[in-house]
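S.K.: Okay, so here is structure07.cif, and as you'll see once you scroll down, it has mmCIF, C-alpha atoms and all ligand atoms.
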data_upload
#
loop_
_atom_site.group_PDB
_atom_site.id
_atom_site.type_symbol
_atom_site.label_atom_id
_atom_site.label_comp_id
_atom_site.auth_asym_id
_atom_site.auth_seq_id
_atom_site.Cartn_x
_atom_site.Cartn_y
_atom_site.Cartn_z
ATOM 1 C CA MET Q 225 113.818 75.899 80.352
ATOM 2 C CA PRO Q 226 110.574 76.377 78.386
ATOM 3 C CA GLU Q 227 107.921 78.143 80.433
ATOM 4 C CA LEU Q 228 105.387 75.323 80.173
ATOM 5 C CA VAL Q 229 107.894 72.802 81.559
ATOM 6 C CA GLN Q 230 108.818 75.229 84.337
ATOM 7 C CA LYS Q 231 105.186 75.719 85.172
ATOM 8 C CA LEU Q 232 104.502 71.988 85.356
ATOM 9 C CA LEU Q 233 107.527 71.543 87.577
ATOM 10 C CA TRP Q 234 106.175 73.840 90.204
ATOM 11 C CA THR Q 235 102.698 72.588 89.941
ATOM 12 C CA ASN Q 236 104.126 69.152 90.648
ATOM 13 C CA SER Q 237 106.391 70.360 93.434
ATOM 14 C CA MET Q 238 103.112 71.483 95.116
ATOM 15 C CA THR Q 239 104.639 74.555 96.626
ATOM 16 C CA TYR Q 240 103.981 77.779 94.802
ATOM 17 C CA PHE Q 241 100.790 77.712 92.789
ATOM 18 C CA HIS Q 242 101.349 80.957 90.883
ATOM 19 C CA GLY Q 243 104.462 79.432 89.334
ATOM 20 C CA TYR Q 244 107.711 81.051 88.258
ATOM 21 C CA THR Q 245 107.040 82.241 84.709
ATOM 22 C CA SER Q 246 108.210 85.584 83.369
ATOM 23 C CA ALA Q 247 104.579 86.758 83.489
ATOM 24 C CA GLU Q 248 104.535 85.885 87.200
ATOM 25 C CA GLN Q 249 107.774 87.826 87.719
ATOM 26 C CA ILE Q 250 106.093 90.925 86.293
ATOM 27 C CA ARG Q 251 102.953 90.289 88.351
ATOM 28 C CA LEU Q 252 104.999 90.021 91.560
ATOM 29 C CA ARG Q 253 106.747 93.350 90.953
ATOM 30 C CA GLU Q 254 103.436 95.014 90.218
ATOM 31 C CA GLN Q 255 101.918 93.390 93.317
ATOM 32 C CA ALA Q 256 104.769 94.715 95.484
ATOM 33 C CA ARG Q 257 104.168 98.224 94.122
ATOM 34 C CA ILE Q 258 100.388 98.190 94.520
ATOM 35 C CA LEU Q 259 100.341 96.546 97.955
ATOM 36 C CA GLY Q 260 103.349 98.491 99.272
ATOM 37 C CA ARG Q 261 101.169 101.250 100.722
ATOM 38 C CA TYR Q 262 99.588 98.624 102.977
ATOM 39 C CA THR Q 263 102.406 96.120 103.546
ATOM 40 C CA HIS Q 264 105.112 98.711 104.288
ATOM 41 C CA HIS Q 265 102.913 101.035 106.347
ATOM 42 C CA SER Q 266 104.343 101.601 109.875
ATOM 43 C CA LEU Q 267 106.821 98.745 109.708
ATOM 44 C CA PRO Q 268 108.762 98.541 112.966
ATOM 45 C CA LEU Q 269 112.195 98.890 111.357
ATOM 46 C CA ARG Q 270 114.632 101.460 112.699
ATOM 47 C CA GLY Q 271 116.189 101.820 109.293
ATOM 48 C CA ASP Q 272 119.849 101.236 110.006
ATOM 49 C CA GLU Q 273 119.541 97.520 110.531
ATOM 50 C CA LYS Q 274 120.763 94.384 108.815
ATOM 51 C CA LEU Q 275 117.553 92.870 107.486
ATOM 52 C CA LEU Q 276 117.050 89.315 106.255
ATOM 53 C CA GLU Q 277 114.116 89.121 103.836
ATOM 54 C CA VAL Q 278 113.070 85.518 103.361
ATOM 55 C CA GLY Q 279 111.287 84.239 100.254
ATOM 56 C CA SER Q 280 112.051 87.496 98.484
ATOM 57 C CA GLY Q 281 111.003 86.300 95.020
ATOM 58 C CA VAL Q 282 112.156 88.628 92.247
ATOM 59 C CA GLY Q 283 112.987 91.362 94.778
ATOM 60 C CA GLY Q 284 109.876 93.498 94.203
ATOM 61 C CA GLN Q 285 109.413 94.239 97.897
ATOM 62 C CA THR Q 286 113.170 94.278 98.551
ATOM 63 C CA ALA Q 287 113.723 97.290 96.297
ATOM 64 C CA LEU Q 288 110.814 99.187 97.848
ATOM 65 C CA LEU Q 289 112.019 98.476 101.391
ATOM 66 C CA ALA Q 290 115.525 99.636 100.472
ATOM 67 C CA GLN Q 291 114.074 102.885 99.090
ATOM 68 C CA LEU Q 292 111.836 103.424 102.119
ATOM 69 C CA PHE Q 293 114.678 102.842 104.589
ATOM 70 C CA PRO Q 294 117.768 104.364 102.960
ATOM 71 C CA LYS Q 295 120.143 103.023 105.609
ATOM 72 C CA LEU Q 296 118.851 99.449 105.645
ATOM 73 C CA ARG Q 297 121.173 96.687 104.421
ATOM 74 C CA ILE Q 298 119.120 93.806 103.062
ATOM 75 C CA THR Q 299 120.005 90.199 102.384
ATOM 76 C CA ALA Q 300 117.255 88.720 100.218
ATOM 77 C CA LEU Q 301 116.998 84.922 100.465
ATOM 78 C CA GLU Q 302 115.088 83.137 97.693
ATOM 79 C CA ARG Q 303 115.228 79.470 96.801
ATOM 80 C CA GLU Q 304 114.049 79.662 93.189
ATOM 81 C CA ARG Q 305 117.040 80.275 90.949
ATOM 82 C CA SER Q 306 115.093 82.066 88.174
ATOM 83 C CA SER Q 307 113.582 84.521 90.679
ATOM 84 C CA HIS Q 308 116.957 85.079 92.321
ATOM 85 C CA ASP Q 309 118.491 85.778 88.894
ATOM 86 C CA ALA Q 310 115.696 88.243 88.104
ATOM 87 C CA ALA Q 311 116.394 90.031 91.406
ATOM 88 C CA LEU Q 312 120.095 90.266 90.542
ATOM 89 C CA LEU Q 313 119.318 91.568 87.057
ATOM 90 C CA ALA Q 314 116.999 94.287 88.388
ATOM 91 C CA LEU Q 315 119.768 95.506 90.696
ATOM 92 C CA GLU Q 316 122.136 95.951 87.750
ATOM 93 C CA ASN Q 317 119.988 98.929 86.746
ATOM 94 C CA GLN Q 318 119.895 100.358 90.278
ATOM 95 C CA PRO Q 319 123.515 100.746 91.417
ATOM 96 C CA GLU Q 320 122.551 102.813 94.466
ATOM 97 C CA LEU Q 321 120.390 99.936 95.750
ATOM 98 C CA ALA Q 322 122.894 97.279 94.720
ATOM 99 C CA GLN Q 323 125.289 98.547 97.396
ATOM 100 C CA ARG Q 324 122.771 97.758 100.137
ATOM 101 C CA VAL Q 325 120.935 94.718 98.763
ATOM 102 C CA GLN Q 326 122.423 91.273 98.464
ATOM 103 C CA PRO Q 327 120.280 88.555 96.884
ATOM 104 C CA VAL Q 328 121.212 85.038 98.032
ATOM 105 C CA CYS Q 329 119.876 81.894 96.387
ATOM 106 C CA GLY Q 330 119.053 79.267 98.991
ATOM 107 C CA ASP Q 331 116.371 77.320 100.813
ATOM 108 C CA VAL Q 332 115.329 77.961 104.402
ATOM 109 C CA PHE Q 333 115.374 74.219 105.032
ATOM 110 C CA ASP Q 334 118.955 74.006 103.762
ATOM 111 C CA LEU Q 335 120.322 77.390 104.776
ATOM 112 C CA PRO Q 336 123.405 78.679 102.968
ATOM 113 C CA PRO Q 337 126.364 79.279 105.309
ATOM 114 C CA GLY Q 338 127.063 82.771 106.653
ATOM 115 C CA LEU Q 339 123.489 83.942 107.304
ATOM 116 C CA ALA Q 340 123.886 85.135 110.893
ATOM 117 C CA GLY Q 341 123.642 88.170 113.156
ATOM 118 C CA PHE Q 342 120.702 89.895 111.429
ATOM 119 C CA ASP Q 343 118.846 92.606 113.399
ATOM 120 C CA ALA Q 344 115.472 91.969 111.782
ATOM 121 C CA GLY Q 345 113.602 89.541 109.551
ATOM 122 C CA TYR Q 346 110.856 90.161 106.998
ATOM 123 C CA ILE Q 347 108.663 87.458 105.480
ATOM 124 C CA CYS Q 348 105.661 88.417 103.368
ATOM 125 C CA TRP Q 349 103.320 86.238 101.275
ATOM 126 C CA VAL Q 350 105.569 83.207 101.765
ATOM 127 C CA LEU Q 351 104.211 81.064 104.624
ATOM 128 C CA GLU Q 352 100.888 80.694 102.792
ATOM 129 C CA HIS Q 353 102.796 78.439 100.363
ATOM 130 C CA VAL Q 354 104.861 76.525 102.931
ATOM 131 C CA SER Q 355 103.667 73.147 104.224
ATOM 132 C CA GLU Q 356 105.638 73.327 107.511
ATOM 133 C CA PRO Q 357 105.434 77.022 108.501
ATOM 134 C CA SER Q 358 106.349 76.503 112.160
ATOM 135 C CA ARG Q 359 109.523 74.575 111.281
ATOM 136 C CA PHE Q 360 110.282 77.260 108.642
ATOM 137 C CA LEU Q 361 110.167 80.003 111.316
ATOM 138 C CA ALA Q 362 112.072 77.942 113.896
ATOM 139 C CA THR Q 363 114.843 77.121 111.413
ATOM 140 C CA LEU Q 364 115.370 80.818 110.720
ATOM 141 C CA ARG Q 365 115.873 81.810 114.369
ATOM 142 C CA GLY Q 366 119.577 80.987 114.215
ATOM 143 C CA CYS Q 367 120.125 83.700 111.568
ATOM 144 C CA PHE Q 368 119.376 86.529 114.035
ATOM 145 C CA ARG Q 369 121.023 88.217 116.967
ATOM 146 C CA PRO Q 370 119.246 87.846 120.328
ATOM 147 C CA GLY Q 371 116.427 90.400 120.602
ATOM 148 C CA ALA Q 372 116.051 90.762 116.820
ATOM 149 C CA THR Q 373 112.571 91.531 115.453
ATOM 150 C CA MET Q 374 110.816 89.128 113.126
ATOM 151 C CA ILE Q 375 108.044 90.579 110.934
ATOM 152 C CA VAL Q 376 105.669 88.220 109.160
ATOM 153 C CA GLN Q 377 102.728 89.262 106.970
ATOM 154 C CA GLU Q 378 100.215 86.873 105.532
ATOM 155 C CA VAL Q 379 96.922 86.395 103.773
ATOM 156 C CA PHE Q 380 93.554 85.782 105.366
ATOM 157 C CA GLY Q 381 91.579 84.618 102.345
ATOM 158 C CA GLN Q 382 88.124 84.530 103.964
ATOM 159 C CA SER Q 383 88.223 88.259 104.653
ATOM 160 C CA PHE Q 384 87.800 89.274 100.996
ATOM 161 C CA ARG Q 385 84.497 91.085 100.487
ATOM 162 C CA THR Q 386 83.242 93.411 97.818
ATOM 163 C CA GLU Q 387 80.264 95.694 97.473
ATOM 164 C CA PRO Q 388 78.394 94.871 95.293
ATOM 165 C CA LEU Q 389 79.042 91.189 95.974
ATOM 166 C CA LEU Q 390 80.839 89.176 93.320
ATOM 167 C CA SER Q 391 78.551 87.193 91.025
ATOM 168 C CA LEU Q 392 77.992 83.535 91.938
ATOM 169 C CA PHE Q 393 80.498 82.678 89.205
ATOM 170 C CA GLY Q 394 83.067 85.038 90.774
ATOM 171 C CA GLN Q 395 82.436 83.694 94.283
ATOM 172 C CA ASP Q 396 82.812 80.160 92.987
ATOM 173 C CA TYR Q 397 86.082 81.000 91.245
ATOM 174 C CA TYR Q 398 87.431 82.601 94.437
ATOM 175 C CA SER Q 399 86.431 79.533 96.512
ATOM 176 C CA SER Q 400 88.193 77.326 93.974
ATOM 177 C CA TYR Q 401 91.312 79.489 94.269
ATOM 178 C CA LEU Q 402 91.330 78.977 98.063
ATOM 179 C CA CYS Q 403 90.656 75.225 97.711
ATOM 180 C CA LEU Q 404 93.440 74.757 95.185
ATOM 181 C CA GLN Q 405 95.961 76.494 97.411
ATOM 182 C CA LYS Q 406 95.041 74.090 100.245
ATOM 183 C CA GLU Q 407 95.178 71.125 97.879
ATOM 184 C CA LEU Q 408 98.724 72.131 96.899
ATOM 185 C CA GLY Q 409 99.881 72.067 100.527
ATOM 186 C CA GLY Q 410 99.501 75.808 101.271
ATOM 187 C CA ASP Q 411 97.116 77.652 103.575
ATOM 188 C CA PRO Q 412 95.117 80.646 102.295
ATOM 189 C CA GLU Q 413 93.912 81.390 105.855
ATOM 190 C CA ILE Q 414 97.329 81.256 107.494
ATOM 191 C CA GLY Q 415 97.173 84.907 108.602
ATOM 192 C CA PHE Q 416 95.131 84.245 111.702
ATOM 193 C CA ARG Q 417 97.536 81.479 112.804
ATOM 194 C CA LEU Q 418 100.651 83.687 112.656
ATOM 195 C CA GLY Q 419 100.678 84.473 116.385
ATOM 196 C CA ALA Q 420 100.473 80.800 117.294
ATOM 197 C CA LEU Q 421 103.083 79.878 114.684
ATOM 198 C CA LEU Q 422 105.655 82.409 115.935
ATOM 199 C CA ASP Q 423 105.010 81.247 119.502
ATOM 200 C CA GLU Q 424 105.428 77.578 118.540
ATOM 201 C CA ALA Q 425 108.628 78.447 116.684
ATOM 202 C CA GLY Q 426 110.157 79.928 119.859
ATOM 203 C CA TYR Q 427 109.759 83.685 119.269
ATOM 204 C CA GLU Q 428 108.863 85.923 122.234
ATOM 205 C CA GLU Q 429 106.741 89.063 122.784
ATOM 206 C CA VAL Q 430 104.534 88.066 119.859
ATOM 207 C CA GLU Q 431 102.028 90.699 118.697
ATOM 208 C CA VAL Q 432 99.423 90.294 115.994
ATOM 209 C CA SER Q 433 97.463 92.962 114.142
ATOM 210 C CA ALA Q 434 94.865 92.905 111.396
ATOM 211 C CA GLN Q 435 95.840 95.175 108.492
ATOM 212 C CA VAL Q 436 92.792 96.410 106.645
ATOM 213 C CA VAL Q 437 92.774 97.130 102.928
ATOM 214 C CA LEU Q 438 89.623 99.136 102.301
ATOM 215 C CA GLU Q 439 89.181 101.157 99.147
ATOM 216 C CA ASP Q 440 85.977 102.955 98.245
ATOM 217 C CA GLN Q 441 84.636 106.097 96.544
ATOM 218 C CA ARG Q 442 87.016 108.270 98.594
ATOM 219 C CA SER Q 443 89.849 107.193 96.314
ATOM 220 C CA PRO Q 444 88.516 105.934 92.964
ATOM 221 C CA ARG Q 445 91.978 105.520 91.425
ATOM 222 C CA ARG Q 446 93.279 103.354 94.268
ATOM 223 C CA ARG Q 447 90.024 101.406 94.328
ATOM 224 C CA GLN Q 448 90.270 100.686 90.609
ATOM 225 C CA GLU Q 449 93.893 99.629 90.974
ATOM 226 C CA ILE Q 450 93.248 97.180 93.823
ATOM 227 C CA PHE Q 451 90.176 95.633 92.141
ATOM 228 C CA THR Q 452 92.137 95.153 88.924
ATOM 229 C CA TYR Q 453 95.094 93.742 90.853
ATOM 230 C CA MET Q 454 92.825 91.184 92.570
ATOM 231 C CA GLY Q 455 91.451 90.100 89.202
ATOM 232 C CA GLN Q 456 94.953 89.567 87.858
ATOM 233 C CA LEU Q 457 95.949 87.597 90.958
ATOM 234 C CA LEU Q 458 92.986 85.250 90.540
ATOM 235 C CA ALA Q 459 93.509 84.913 86.789
ATOM 236 C CA SER Q 460 97.171 84.017 87.322
ATOM 237 C CA VAL Q 461 96.250 80.559 88.636
ATOM 238 C CA GLU Q 462 93.738 79.739 85.912
ATOM 239 C CA ASP Q 463 95.952 77.075 84.312
ATOM 240 C CA SER Q 464 96.356 75.220 87.602
ATOM 241 C CA LEU Q 465 92.619 75.494 88.321
ATOM 242 C CA VAL Q 466 91.798 74.107 84.874
ATOM 243 C CA GLU Q 467 94.326 71.294 85.292
ATOM 244 C CA LYS Q 468 92.703 70.245 88.598
ATOM 245 C CA GLY Q 469 89.188 70.491 87.120
ATOM 246 C CA TYR Q 470 88.050 73.503 89.153
ATOM 247 C CA CYS Q 471 87.250 75.743 86.191
ATOM 248 C CA GLN Q 472 87.389 76.122 82.431
ATOM 249 C CA ALA Q 473 89.818 77.913 80.152
ATOM 250 C CA GLY Q 474 88.766 81.552 79.911
ATOM 251 C CA ASP Q 475 87.299 81.722 83.435
ATOM 252 C CA GLY Q 476 90.355 83.592 84.749
ATOM 253 C CA ALA Q 477 89.884 86.371 82.192
ATOM 254 C CA LYS Q 478 86.156 86.441 83.005
ATOM 255 C CA VAL Q 479 86.702 86.898 86.747
ATOM 256 C CA ALA Q 480 89.407 89.507 86.077
ATOM 257 C CA ALA Q 481 86.995 91.453 83.846
ATOM 258 C CA GLU Q 482 84.283 91.262 86.513
ATOM 259 C CA LEU Q 483 86.606 92.657 89.180
ATOM 260 C CA THR Q 484 87.869 95.437 86.908
ATOM 261 C CA GLU Q 485 84.283 96.377 86.152
ATOM 262 C CA LEU Q 486 83.379 96.424 89.874
ATOM 263 C CA GLY Q 487 86.337 98.717 90.487
ATOM 264 C CA ALA Q 488 84.846 101.257 88.088
ATOM 265 C CA GLN Q 489 81.423 101.369 89.770
ATOM 266 C CA GLU Q 490 80.786 104.576 91.609
ATOM 267 C CA GLU Q 491 79.826 103.078 94.976
ATOM 268 C CA SER Q 492 81.835 99.880 94.966
ATOM 269 C CA ILE Q 493 83.956 98.847 97.952
ATOM 270 C CA PHE Q 494 87.004 96.586 98.169
ATOM 271 C CA PHE Q 495 87.762 95.011 101.550
ATOM 272 C CA TYR Q 496 90.504 92.591 102.571
ATOM 273 C CA THR Q 497 92.346 91.933 105.805
ATOM 274 C CA PHE Q 498 95.857 90.598 105.934
ATOM 275 C CA VAL Q 499 97.689 89.873 109.153
ATOM 276 C CA ARG Q 500 100.957 91.256 110.504
ATOM 277 C CA ALA Q 501 102.724 89.413 113.323
ATOM 278 C CA LEU Q 502 105.833 90.542 115.168
ATOM 279 C CA GLY Q 503 108.045 88.433 117.375
ATOM 280 C CA ARG Q 504 111.390 88.720 119.080
ATOM 281 C CA VAL Q 505 114.276 86.275 118.943
ATOM 282 C CA PRO Q 506 114.922 85.219 122.567
ATOM 283 C CA LYS Q 507 117.815 86.986 124.352
HETATM 284 C C1 LIG Q 601 104.472 84.575 96.719
HETATM 285 S S1 LIG Q 601 106.203 84.632 96.515
HETATM 286 C C2 LIG Q 601 106.475 86.170 97.373
HETATM 287 C C3 LIG Q 601 107.765 86.815 97.019
HETATM 288 C C4 LIG Q 601 108.029 88.129 97.765
HETATM 289 N N1 LIG Q 601 107.980 87.960 99.197
HETATM 290 C C5 LIG Q 601 107.083 89.212 97.338
HETATM 291 O O1 LIG Q 601 106.172 89.580 98.097
HETATM 292 O O2 LIG Q 601 107.214 89.677 96.187
HETATM 293 C C6 LIG Q 601 106.804 83.419 97.675
HETATM 294 C C7 LIG Q 601 108.287 83.137 97.499
HETATM 295 O O3 LIG Q 601 108.782 82.359 98.603
HETATM 296 C C8 LIG Q 601 109.771 81.483 98.098
HETATM 297 N N2 LIG Q 601 109.981 80.376 99.042
HETATM 298 C C9 LIG Q 601 109.059 79.454 99.404
HETATM 299 N N3 LIG Q 601 109.623 78.542 100.227
HETATM 300 C C10 LIG Q 601 110.919 78.905 100.401
HETATM 301 C C11 LIG Q 601 112.020 78.356 101.130
HETATM 302 N N4 LIG Q 601 111.869 77.198 101.805
HETATM 303 N N5 LIG Q 601 113.204 78.990 101.097
HETATM 304 C C12 LIG Q 601 113.348 80.149 100.378
HETATM 305 N N6 LIG Q 601 112.362 80.711 99.637
HETATM 306 C C13 LIG Q 601 111.147 80.093 99.654
HETATM 307 C C14 LIG Q 601 109.173 81.027 96.770
HETATM 308 O O4 LIG Q 601 110.142 80.477 95.910
HETATM 309 C C15 LIG Q 601 108.568 82.320 96.246
HETATM 310 O O5 LIG Q 601 109.455 83.023 95.427
#
Represent the structure of the file as structure tokens.
Ligand SMILES: C[S@@+](CC[C@H](N)C(=O)[O-])C[C@H]1O[C@@H](n2cnc3c(N)ncnc32)[C@H](O)[C@@H]1O

M.R.:
Amino acid sequence: MPELVQKLLWTNSMTYFHGYTSAEQIRLREQARILGRYTHHSLPLRGDEKLLEVGSGVGGQTALLAQLFPKLRITALERERSSHDAALLALENQPELAQRVQPVCGDVFDLPPGLAGFDAGYICWVLEHVSEPSRFLATLRGCFRPGATMIVQEVFGQSFRTEPLLSLFGQDYYSSYLCLQKELGGDPEIGFRLGALLDEAGYEEVEVSAQVVLEDQRSPRRRQEIFTYMGQLLASVEDSLVEKGYCQAGDGAKVAAELTELGAQEESIFFYTFVRALGRVPK
């Protein structure tokens, strides 16, 4: 399917505003690599478990989790066929991971048969795009053994702060990004609702923690990388923002350049908080 048609299809399906282009596949893998030091830090996985990763995309995080926990067996559930196919293709070049990772194409709201008895669940950067997150989490409960751990990590858009501050243009672009996500049925602030959502969905012993991403002069290389990453993330939705009248063609590249430039400044600071929530499947 031509990329433009694909892109319009998702925009219209109002679910995933970054779309499913090949450029987005590359961006997701790069995102998994750059954010891995934060998202995979101190994950409460024993390592020898059967893990169900939900909304696994092209498998960027899946591969990293499999490397980090060499005994983990991962089933990676993704509803978008092109992303699932990309995950399968990547595994062809990594036979040692292929033995422990099984991508499955399917939708949480229409679960494929046979997904049962998992010891742990992992969902990251997915609920922000889901219009019924509580039903999503409740539907998944049946895939796990009693006492299994569910790990959910999500965005908290308002927490993004830089020093120096973004220009008014940059702040406006970022606000538009958050507005568009809401307009498309997602929730860019869903992080701080994760505890309530897991509770509503019937999970027990729910714990929530704020995960801080703070890069400054102590690590200029990491700071540059995260600023540049943020610019690319914002630029990746430029087409949708233009289509909805939030900005003009070229604004994505402009905001990306601004963020890259901030990352190079000697005393700049990048700050963002995402949220990790843990819950247990009732015994
Ligand atoms: C932002 S991507 C994140 C992918 C991956 N977790 C990562 O961090 O690289 C969100 C993914 O969730 C998938 N997704 C959303 N709703 C889903 C559902 N109901 N069932 C299965 N996958 C879903 C989307 O297709 C998309 O690939």

S.K.: Quick check, in Å to one decimal: how far apart do atom CA of Phe451 of chain Q and atom CA of Leu486 of chain Q lie?

M.R.: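 The value is 7.2 Å.
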
S.K.: Distance atom CA of Glu485 of chain Q-atom CA of Cys403 of chain Q, one decimal place?

M.R.: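 Interatomic distance here is 24.9 Å.
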
S.K.: Enumerate as number ranges by chain the residues within 9 Å of ligand LIG 601 (chain Q), counting all atoms listed in the file.

M.R.: Q: 239-244, 249, 251-256, 277-286, 301-305, 307-308, 329-335, 346-355, 360

S.K.: Run the PyMOL selection byres (((chain Q and resi 268-272) around 10) and not hetatm) on the file and write out the hits as a list in words.

M.R.: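 When the PyMOL selection byres (((chain Q and resi 268-272) around 10) and not hetatm) is applied to the shown file, the picked residues are His264, His265, Ser266, Leu267, Glu273, Lys274, Leu275, Leu289, Ala290, Leu292, Phe293, Pro294, Lys295, Leu296, Arg297, Asp343, Ala344, Gly345, Tyr346, Thr373, Met374, Ile375 and Leu502 of chain Q.
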
S.K.: To verify the selection step, state as a PyMOL selection string which residues the PyMOL selection byres (((chain Q and resi 313-316) around 10) and not hetatm) yields on this input.

M.R.: chain Q and resi 282-284+287+307-312+317-323+325-327

S.K.: Work out how far apart atom CA of Gly476 of chain Q and atom CA of Gly260 of chain Q are and give it in Å to one decimal.

M.R.: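 Straight-line distance from atom CA of Gly476 of chain Q to atom CA of Gly260 of chain Q works out to 24.5 Å.
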
S.K.: Identify which of the residues Q:Gly371, Q:Pro388, Q:Gly409, Q:Gly338 lies closest to Pro357 of chain Q, counting only C-alpha atoms when measuring atom-to-atom distances.

M.R.: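 Closest residue, counting only C-alpha atoms: Q:Gly409.
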
S.K.: Expand the PyMOL selection byres (((chain Q and resi 398) around 12) and not hetatm) into the explicit residue set it covers here, and present it as a ChimeraX atom specification.

M.R.: /Q:381-385,390-397,399-405,412,454-455,457-459,461-462,465,470-471,475-476,479-480,483

S.K.: Output C-alpha atoms for every residue in that selection, as a PDB file, in the frame of the given file.

M.R.:
ATOM      1  CA  GLY Q 381      91.579  84.618 102.345  1.00  0.00           C
ATOM      2  CA  GLN Q 382      88.124  84.530 103.964  1.00  0.00           C
ATOM      3  CA  SER Q 383      88.223  88.259 104.653  1.00  0.00           C
ATOM      4  CA  PHE Q 384      87.800  89.274 100.996  1.00  0.00           C
ATOM      5  CA  ARG Q 385      84.497  91.085 100.487  1.00  0.00           C
ATOM      6  CA  LEU Q 390      80.839  89.176  93.320  1.00  0.00           C
ATOM      7  CA  SER Q 391      78.551  87.193  91.025  1.00  0.00           C
ATOM      8  CA  LEU Q 392      77.992  83.535  91.938  1.00  0.00           C
ATOM      9  CA  PHE Q 393      80.498  82.678  89.205  1.00  0.00           C
ATOM     10  CA  GLY Q 394      83.067  85.038  90.774  1.00  0.00           C
ATOM     11  CA  GLN Q 395      82.436  83.694  94.283  1.00  0.00           C
ATOM     12  CA  ASP Q 396      82.812  80.160  92.987  1.00  0.00           C
ATOM     13  CA  TYR Q 397      86.082  81.000  91.245  1.00  0.00           C
ATOM     14  CA  SER Q 399      86.431  79.533  96.512  1.00  0.00           C
ATOM     15  CA  SER Q 400      88.193  77.326  93.974  1.00  0.00           C
ATOM     16  CA  TYR Q 401      91.312  79.489  94.269  1.00  0.00           C
ATOM     17  CA  LEU Q 402      91.330  78.977  98.063  1.00  0.00           C
ATOM     18  CA  CYS Q 403      90.656  75.225  97.711  1.00  0.00           C
ATOM     19  CA  LEU Q 404      93.440  74.757  95.185  1.00  0.00           C
ATOM     20  CA  GLN Q 405      95.961  76.494  97.411  1.00  0.00           C
ATOM     21  CA  PRO Q 412      95.117  80.646 102.295  1.00  0.00           C
ATOM     22  CA  MET Q 454      92.825  91.184  92.570  1.00  0.00           C
ATOM     23  CA  GLY Q 455      91.451  90.100  89.202  1.00  0.00           C
ATOM     24  CA  LEU Q 457      95.949  87.597  90.958  1.00  0.00           C
ATOM     25  CA  LEU Q 458      92.986  85.250  90.540  1.00  0.00           C
ATOM     26  CA  ALA Q 459      93.509  84.913  86.789  1.00  0.00           C
ATOM     27  CA  VAL Q 461      96.250  80.559  88.636  1.00  0.00           C
ATOM     28  CA  GLU Q 462      93.738  79.739  85.912  1.00  0.00           C
ATOM     29  CA  LEU Q 465      92.619  75.494  88.321  1.00  0.00           C
ATOM     30  CA  TYR Q 470      88.050  73.503  89.153  1.00  0.00           C
ATOM     31  CA  CYS Q 471      87.250  75.743  86.191  1.00  0.00           C
ATOM     32  CA  ASP Q 475      87.299  81.722  83.435  1.00  0.00           C
ATOM     33  CA  GLY Q 476      90.355  83.592  84.749  1.00  0.00           C
ATOM     34  CA  VAL Q 479      86.702  86.898  86.747  1.00  0.00           C
ATOM     35  CA  ALA Q 480      89.407  89.507  86.077  1.00  0.00           C
ATOM     36  CA  LEU Q 483      86.606  92.657  89.180  1.00  0.00           C
TER      37      LEU Q 483
END

S.K.: Between Q:Thr484, Q:Gln377, Q:Ser460, Q:Ser246, which is the closest to Arg500 of chain Q once you count all atoms listed in the file?

M.R.: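 Smallest separation from Arg500 of chain Q among the options: Q:Gln377.
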
S.K.: Which is closest to Ile493 of chain Q among Q:Ile450, Q:Ile414, Q:Ala420, Q:Leu276, if we use only C-alpha atoms?

M.R.: Q:Ile450

S.K.: Looking at only C-alpha atoms, which of Q:Gly415, Q:Pro337, Q:Gly474, Q:Gly426 is the one that sits closest to Arg365 of chain Q?

M.R.: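 Looking at the shortest contact to Arg365 of chain Q, the residue is Q:Gly426.
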